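Asks: Below you'll find final_36.pdb; it's PDB, C-alpha atoms.
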MODEL        1
ATOM      1  CA  MET L1398     -37.528 -36.115 -98.570
ATOM      2  CA  LEU L1399     -38.289 -36.931 -94.948
ATOM      3  CA  CYS L1400     -42.041 -37.346 -94.433
ATOM      4  CA  HIS L1401     -43.877 -37.339 -91.124
ATOM      5  CA  ASN L1402     -46.479 -39.926 -92.267
ATOM      6  CA  ASP L1403     -48.869 -39.277 -89.371
ATOM      7  CA  VAL L1404     -50.014 -35.640 -89.401
ATOM      8  CA  CYS L1405     -53.157 -36.347 -87.422
ATOM      9  CA  PRO L1406     -54.723 -33.881 -84.969
ATOM     10  CA  ASP L1407     -53.137 -35.725 -82.029
ATOM     11  CA  ASN L1408     -49.684 -34.932 -83.439
ATOM     12  CA  VAL L1409     -50.211 -31.196 -83.841
ATOM     13  CA  VAL L1410     -49.720 -28.786 -80.953
ATOM     14  CA  PHE L1411     -52.105 -25.844 -81.006
ATOM     15  CA  ARG L1412     -51.727 -22.433 -79.441
ATOM     16  CA  GLY L1413     -55.251 -21.127 -79.351
ATOM     17  CA  ASP L1414     -56.749 -21.942 -82.719
ATOM     18  CA  ARG L1415     -53.440 -22.038 -84.630
ATOM     19  CA  ALA L1416     -51.148 -24.975 -85.278
ATOM     20  CA  ALA L1417     -47.804 -24.250 -83.609
ATOM     21  CA  ALA L1418     -45.803 -27.479 -83.806
ATOM     22  CA  LEU L1419     -45.728 -30.965 -85.249
ATOM     23  CA  ILE L1420     -44.725 -33.744 -82.841
ATOM     24  CA  ASP L1421     -44.357 -37.533 -82.687
ATOM     25  CA  PHE L1422     -42.019 -38.513 -85.491
ATOM     26  CA  ASP L1423     -42.073 -42.275 -84.833
ATOM     27  CA  MET L1424     -43.532 -42.923 -88.317
ATOM     28  CA  ALA L1425     -41.163 -40.529 -90.107
ATOM     29  CA  ALA L1426     -39.337 -41.973 -93.108
ATOM     30  CA  PRO L1427     -38.049 -40.963 -96.522
ATOM     31  CA  GLY L1428     -40.880 -40.607 -99.008
ATOM     32  CA  ARG L1429     -42.737 -38.580-101.592
ATOM     33  CA  PRO L1430     -44.094 -35.234-100.437
ATOM     34  CA  LEU L1431     -47.412 -36.092-102.138
ATOM     35  CA  TRP L1432     -47.663 -39.186 -99.930
ATOM     36  CA  ASP L1433     -47.382 -37.009 -96.825
ATOM     37  CA  VAL L1434     -50.073 -34.663 -98.172
ATOM     38  CA  ALA L1435     -52.322 -37.689 -98.803
ATOM     39  CA  MET L1436     -51.725 -38.998 -95.296
ATOM     40  CA  THR L1437     -52.510 -35.534 -93.933
ATOM     41  CA  ALA L1438     -55.686 -35.297 -96.027
ATOM     42  CA  ARG L1439     -56.935 -38.560 -94.535
ATOM     43  CA  TYR L1440     -57.186 -36.858 -91.146
ATOM     44  CA  TRP L1441     -57.810 -33.212 -91.945
ATOM     45  CA  ALA L1442     -60.235 -33.218 -94.879
ATOM     46  CA  PRO L1443     -61.123 -35.860 -93.489
ATOM     47  CA  MET L1444     -61.284 -38.581 -96.112
ATOM     48  CA  LEU L1445     -64.205 -40.449 -94.547
ATOM     49  CA  ASP L1446     -67.396 -41.757 -96.110
ATOM     50  CA  PRO L1447     -70.520 -39.820 -94.994
ATOM     51  CA  ALA L1448     -71.624 -42.492 -92.485
ATOM     52  CA  SER L1449     -68.221 -42.553 -90.778
ATOM     53  CA  ALA L1450     -67.881 -38.765 -90.874
ATOM     54  CA  ALA L1451     -71.350 -38.241 -89.368
ATOM     55  CA  ALA L1452     -70.299 -40.234 -86.314
ATOM     56  CA  VAL L1453     -67.451 -37.780 -85.695
ATOM     57  CA  TYR L1454     -68.642 -34.562 -87.366
ATOM     58  CA  PRO L1455     -72.432 -34.389 -86.965
ATOM     59  CA  THR L1456     -72.714 -31.053 -88.804
ATOM     60  CA  GLY L1457     -71.255 -32.485 -92.012
ATOM     61  CA  LEU L1458     -68.248 -31.383 -94.013
ATOM     62  CA  ASP L1459     -67.541 -30.369 -97.592
ATOM     63  CA  VAL L1460     -64.696 -32.835 -98.086
ATOM     64  CA  PRO L1461     -63.873 -31.854-101.696
ATOM     65  CA  ALA L1462     -63.594 -28.181-100.688
ATOM     66  CA  ARG L1463     -61.426 -29.039 -97.690
ATOM     67  CA  LEU L1464     -59.202 -31.211 -99.877
ATOM     68  CA  ARG L1465     -58.838 -28.266-102.263
ATOM     69  CA  ILE L1466     -57.844 -25.950 -99.401
ATOM     70  CA  LEU L1467     -55.185 -28.442 -98.305
ATOM     71  CA  ALA L1468     -53.819 -28.759-101.852
ATOM     72  CA  ASP L1469     -53.814 -24.983-102.293
ATOM     73  CA  SER L1470     -52.018 -24.522 -98.973
ATOM     74  CA  TYR L1471     -49.306 -26.987 -99.976
ATOM     75  CA  GLY L1472     -49.003 -25.387-103.418
ATOM     76  CA  LEU L1473     -49.583 -28.675-105.227
ATOM     77  CA  SER L1474     -48.879 -28.713-108.947
ATOM     78  CA  PRO L1475     -51.640 -29.650-111.414
ATOM     79  CA  GLN L1476     -50.042 -33.102-111.829
ATOM     80  CA  ASP L1477     -49.941 -33.670-108.061
ATOM     81  CA  ARG L1478     -53.592 -32.603-107.850
ATOM     82  CA  VAL L1479     -54.525 -35.220-110.461
ATOM     83  CA  GLU L1480     -52.609 -37.882-108.536
ATOM     84  CA  LEU L1481     -53.714 -36.945-105.006
ATOM     85  CA  PRO L1482     -57.053 -38.828-104.864
ATOM     86  CA  GLY L1483     -55.386 -42.056-105.981
ATOM     87  CA  VAL L1484     -52.545 -41.566-103.510
ATOM     88  CA  VAL L1485     -55.116 -41.071-100.719
ATOM     89  CA  GLU L1486     -56.617 -44.419-101.730
ATOM     90  CA  GLN L1487     -53.172 -46.046-101.629
ATOM     91  CA  ALA L1488     -52.413 -44.488 -98.248
ATOM     92  CA  THR L1489     -55.711 -45.794 -96.896
ATOM     93  CA  GLU L1490     -54.836 -49.301 -98.078
ATOM     94  CA  VAL L1491     -51.422 -49.066 -96.407
ATOM     95  CA  CYS L1492     -53.007 -47.816 -93.171
ATOM     96  CA  ARG L1493     -55.515 -50.666 -93.243
ATOM     97  CA  ALA L1494     -52.682 -53.173 -93.652
ATOM     98  CA  PHE L1495     -50.847 -51.526 -90.730
ATOM     99  CA  VAL L1496     -53.941 -51.848 -88.533
ATOM    100  CA  ALA L1497     -54.459 -55.447 -89.689
ATOM    101  CA  ARG L1498     -50.917 -56.342 -88.609
ATOM    102  CA  ARG L1499     -51.443 -54.754 -85.199
ATOM    103  CA  VAL L1500     -54.786 -56.531 -84.762
ATOM    104  CA  ALA L1501     -53.271 -59.865 -85.835
ATOM    105  CA  ASP L1502     -50.540 -59.351 -83.228
ATOM    106  CA  GLY L1503     -53.237 -58.848 -80.587
ATOM    107  CA  ASP L1504     -52.402 -55.207 -79.844
ATOM    108  CA  PRO L1505     -55.149 -54.202 -77.370
ATOM    109  CA  VAL L1506     -55.169 -50.544 -78.432
ATOM    110  CA  TYR L1507     -55.792 -51.434 -82.077
ATOM    111  CA  LEU L1508     -58.301 -54.163 -81.197
ATOM    112  CA  GLN L1509     -60.307 -51.674 -79.139
ATOM    113  CA  ALA L1510     -60.085 -48.918 -81.749
ATOM    114  CA  LEU L1511     -61.174 -51.285 -84.509
ATOM    115  CA  THR L1512     -64.205 -52.349 -82.478
ATOM    116  CA  GLU L1513     -65.158 -48.821 -81.414
ATOM    117  CA  ARG L1514     -64.766 -47.327 -84.908
ATOM    118  CA  GLY L1515     -66.899 -49.725 -86.910
ATOM    119  CA  GLY L1516     -64.568 -52.632 -87.596
ATOM    120  CA  TRP L1517     -63.455 -53.760 -91.015
ATOM    121  CA  GLU L1518     -66.841 -52.737 -92.425
ATOM    122  CA  ARG L1519     -65.892 -49.103 -91.859
ATOM    123  CA  TRP L1520     -62.576 -49.604 -93.660
ATOM    124  CA  ASP L1521     -64.485 -51.215 -96.558
ATOM    125  CA  ARG L1522     -66.941 -48.290 -96.699
ATOM    126  CA  VAL L1523     -64.154 -45.717 -96.690
ATOM    127  CA  GLN L1524     -62.196 -47.485 -99.424
ATOM    128  CA  THR L1525     -65.291 -47.869-101.614
ATOM    129  CA  TRP L1526     -66.291 -44.246-101.036
ATOM    130  CA  LEU L1527     -62.802 -42.982-101.934
ATOM    131  CA  ALA L1528     -62.854 -44.885-105.234
ATOM    132  CA  ASP L1529     -66.415 -43.760-105.990
ATOM    133  CA  CYS L1530     -65.536 -40.099-105.299
ATOM    134  CA  ARG L1531     -62.176 -40.012-107.103
ATOM    135  CA  GLU L1532     -63.541 -37.950-110.021
ATOM    136  CA  THR L1533     -65.330 -35.550-107.661
ATOM    137  CA  PHE L1534     -62.132 -34.996-105.697
ATOM    138  CA  THR L1535     -60.072 -34.543-108.855
ATOM    139  CA  GLY L1536     -62.588 -32.008-110.170
ATOM    140  CA  ALA L1537     -62.481 -30.051-106.925
ATOM    141  CA  LEU L1538     -58.684 -30.061-106.965
ATOM    142  CA  LEU L1539     -58.436 -28.808-110.541
ATOM    143  CA  ASN L1540     -61.247 -26.237-110.717
TER     144      ASN L1540
ENDMDL
END
Can you dump the structure from the file as structure tokens?

Replies:
Amino acid sequence: MLCHNDVCPDNVVFRGDRAAALIDFDMAAPGRPLWDVAMTARYWAPMLDPASAAAVYPTGLDVPARLRILADSYGLSPQDRVELPGVVEQATEVCRAFVARRVADGDPVYLQALTERGGWERWDRVQTWLADCRETFTGALLN
């Protein structure tokens, strides 16, 4: 299946308060649908540790509930729901490696974003938080 691989808010066109179109297919590639859901969850749940989320969403978010809404909307099977938290962790590792390659190449956009968004420490916090919350996310997805 062709996956978008970057369903972030910047790649969604809104008409009022409704999503109307998905754009920017430069990362599109064949893949597992569950991978695309995991990549989407990273941005829309969002899959951020509380410290990182508070910097962007000061009112706080119920991430497990939002993850459940996303899974329900995609009609994920029980098996996909069990796998989703681990796939989000894998997707986060892949995204970190992507950023690391861009930073190593001296890409100024990625260097600036890394600095402004908390550096590698933020990536470490997110990855630790995802692993620590895996059971919570799985419970929310299955109940």

Asks: Quick check on the file I pasted: which residues fall under the PyMOL selection byres ((chain L and resi 1497) around 12)? Write them as JSON, numbers by chain.

Replies: {"L": [1490, 1491, 1492, 1493, 1494, 1495, 1496, 1498, 1499, 1500, 1501, 1502, 1503, 1504, 1507, 1508, 1510, 1511, 1516, 1517, 1520]}

Asks: Using the chain letters and numbers from the file, which residues does the PyMOL selection byres ((chain L and resi 1524) around 12) grab, as a PyMOL selection string?

Replies: chain L and resi 1439+1444-1446+1449+1482-1483+1485-1493+1517-1523+1525-1531

Asks: For Leu1431 of chain L, list every protein, DNA or RNA residue within 8 Å, evaluated using all atoms listed in the file, and leave out those in the same chain fewer than 3 positions away; present the list as a PyMOL selection string.

Replies: chain L and resi 1434-1435+1477+1481+1484

Asks: For the PyMOL selection byres ((chain L and resi 1417-1421) around 10), applied here, can you spell out every residue it catches as an MDAnalysis selection string?

Replies: chainID L and resid 1401 1403:1416 1422:1425

Asks: Keeping only C-alpha atoms, write the selected residues as an mmCIF file, keeping the file's coordinate frame.

Replies:
data_model
loop_
_atom_site.group_PDB
_atom_site.id
_atom_site.type_symbol
_atom_site.label_atom_id
_atom_site.label_comp_id
_atom_site.auth_asym_id
_atom_site.auth_seq_id
_atom_site.Cartn_x
_atom_site.Cartn_y
_atom_site.Cartn_z
ATOM 1 C CA HIS L 1401 -43.877 -37.339 -91.124
ATOM 2 C CA ASP L 1403 -48.869 -39.277 -89.371
ATOM 3 C CA VAL L 1404 -50.014 -35.640 -89.401
ATOM 4 C CA CYS L 1405 -53.157 -36.347 -87.422
ATOM 5 C CA PRO L 1406 -54.723 -33.881 -84.969
ATOM 6 C CA ASP L 1407 -53.137 -35.725 -82.029
ATOM 7 C CA ASN L 1408 -49.684 -34.932 -83.439
ATOM 8 C CA VAL L 1409 -50.211 -31.196 -83.841
ATOM 9 C CA VAL L 1410 -49.720 -28.786 -80.953
ATOM 10 C CA PHE L 1411 -52.105 -25.844 -81.006
ATOM 11 C CA ARG L 1412 -51.727 -22.433 -79.441
ATOM 12 C CA GLY L 1413 -55.251 -21.127 -79.351
ATOM 13 C CA ASP L 1414 -56.749 -21.942 -82.719
ATOM 14 C CA ARG L 1415 -53.440 -22.038 -84.630
ATOM 15 C CA ALA L 1416 -51.148 -24.975 -85.278
ATOM 16 C CA PHE L 1422 -42.019 -38.513 -85.491
ATOM 17 C CA ASP L 1423 -42.073 -42.275 -84.833
ATOM 18 C CA MET L 1424 -43.532 -42.923 -88.317
ATOM 19 C CA ALA L 1425 -41.163 -40.529 -90.107
#

Asks: Please measure the separation of atom CA of Cys1400 of chain L and atom CA of Ala1426 of chain L, giving the value in Å to one decimal.

Replies: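 Separation of atom CA of Cys1400 of chain L and atom CA of Ala1426 of chain L: 5.5 Å.
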
Asks: Please indicate the distance in Å from atom CA of Ala1442 of chain L to atom CA of Tyr1454 of chain L, rounded to one decimal place.

Replies: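 Pair atom CA of Ala1442 of chain L / atom CA of Tyr1454 of chain L returns 11.4 Å.
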
Asks: Once 5 Å is added on each side, what centre and edge lengths in Å to one decimal does the axis-aligned box around all listed atoms of segment 1434-1439 of chain L have, as JSON?

Replies:
{"center_x": -53.5, "center_y": -36.8, "center_z": -96.4, "size_x": 16.9, "size_y": 14.3, "size_z": 14.9}

Asks: Measuring between only C-alpha atoms, which one of L:Trp1432, L:Arg1514, L:Leu1399, L:Pro1443 shows the shortest distance to Leu1464 of chain L?

Replies: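 Once distances to Leu1464 of chain L are computed over only C-alpha atoms, the minimum belongs to L:Pro1443.
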
Asks: In Å to one decimal, how far is atom CA of Met1436 of chain L from atom CA of Glu1532 of chain L?

Replies: 18.9 Å

Asks: Can you fill out segment 1463-1474 of chain L with N, CA and C atoms and hand it back as a PDB file, in the frame of the given file?

Replies:
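Written file, selection-v8.pdb:
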ATOM      1  N   ARG L1463     -62.510 -28.980 -98.668  1.00  0.00           N
ATOM      2  CA  ARG L1463     -61.426 -29.039 -97.690  1.00  0.00           C
ATOM      3  C   ARG L1463     -60.161 -29.629 -98.306  1.00  0.00           C
ATOM      4  N   LEU L1464     -60.346 -30.625 -99.180  1.00  0.00           N
ATOM      5  CA  LEU L1464     -59.202 -31.211 -99.877  1.00  0.00           C
ATOM      6  C   LEU L1464     -58.547 -30.162-100.768  1.00  0.00           C
ATOM      7  N   ARG L1465     -59.342 -29.342-101.414  1.00  0.00           N
ATOM      8  CA  ARG L1465     -58.838 -28.266-102.263  1.00  0.00           C
ATOM      9  C   ARG L1465     -58.037 -27.251-101.439  1.00  0.00           C
ATOM     10  N   ILE L1466     -58.549 -26.887-100.281  1.00  0.00           N
ATOM     11  CA  ILE L1466     -57.844 -25.950 -99.401  1.00  0.00           C
ATOM     12  C   ILE L1466     -56.489 -26.519 -99.001  1.00  0.00           C
ATOM     13  N   LEU L1467     -56.445 -27.796 -98.672  1.00  0.00           N
ATOM     14  CA  LEU L1467     -55.185 -28.442 -98.305  1.00  0.00           C
ATOM     15  C   LEU L1467     -54.208 -28.409 -99.476  1.00  0.00           C
ATOM     16  N   ALA L1468     -54.683 -28.766-100.663  1.00  0.00           N
ATOM     17  CA  ALA L1468     -53.819 -28.759-101.852  1.00  0.00           C
ATOM     18  C   ALA L1468     -53.320 -27.354-102.167  1.00  0.00           C
ATOM     19  N   ASP L1469     -54.211 -26.373-102.053  1.00  0.00           N
ATOM     20  CA  ASP L1469     -53.814 -24.983-102.293  1.00  0.00           C
ATOM     21  C   ASP L1469     -52.752 -24.546-101.278  1.00  0.00           C
ATOM     22  N   SER L1470     -52.948 -24.911-100.026  1.00  0.00           N
ATOM     23  CA  SER L1470     -52.018 -24.522 -98.973  1.00  0.00           C
ATOM     24  C   SER L1470     -50.635 -25.123 -99.181  1.00  0.00           C
ATOM     25  N   TYR L1471     -50.587 -26.341 -99.703  1.00  0.00           N
ATOM     26  CA  TYR L1471     -49.306 -26.987 -99.976  1.00  0.00           C
ATOM     27  C   TYR L1471     -48.728 -26.564-101.324  1.00  0.00           C
ATOM     28  N   GLY L1472     -49.494 -25.824-102.121  1.00  0.00           N
ATOM     29  CA  GLY L1472     -49.003 -25.387-103.418  1.00  0.00           C
ATOM     30  C   GLY L1472     -48.811 -26.542-104.391  1.00  0.00           C
ATOM     31  N   LEU L1473     -49.724 -27.511-104.351  1.00  0.00           N
ATOM     32  CA  LEU L1473     -49.583 -28.675-105.227  1.00  0.00           C
ATOM     33  C   LEU L1473     -49.683 -28.294-106.699  1.00  0.00           C
ATOM     34  N   SER L1474     -48.856 -28.918-107.501  1.00  0.00           N
ATOM     35  CA  SER L1474     -48.879 -28.713-108.947  1.00  0.00           C
ATOM     36  C   SER L1474     -50.127 -29.362-109.537  1.00  0.00           C
TER      37      SER L1474
END
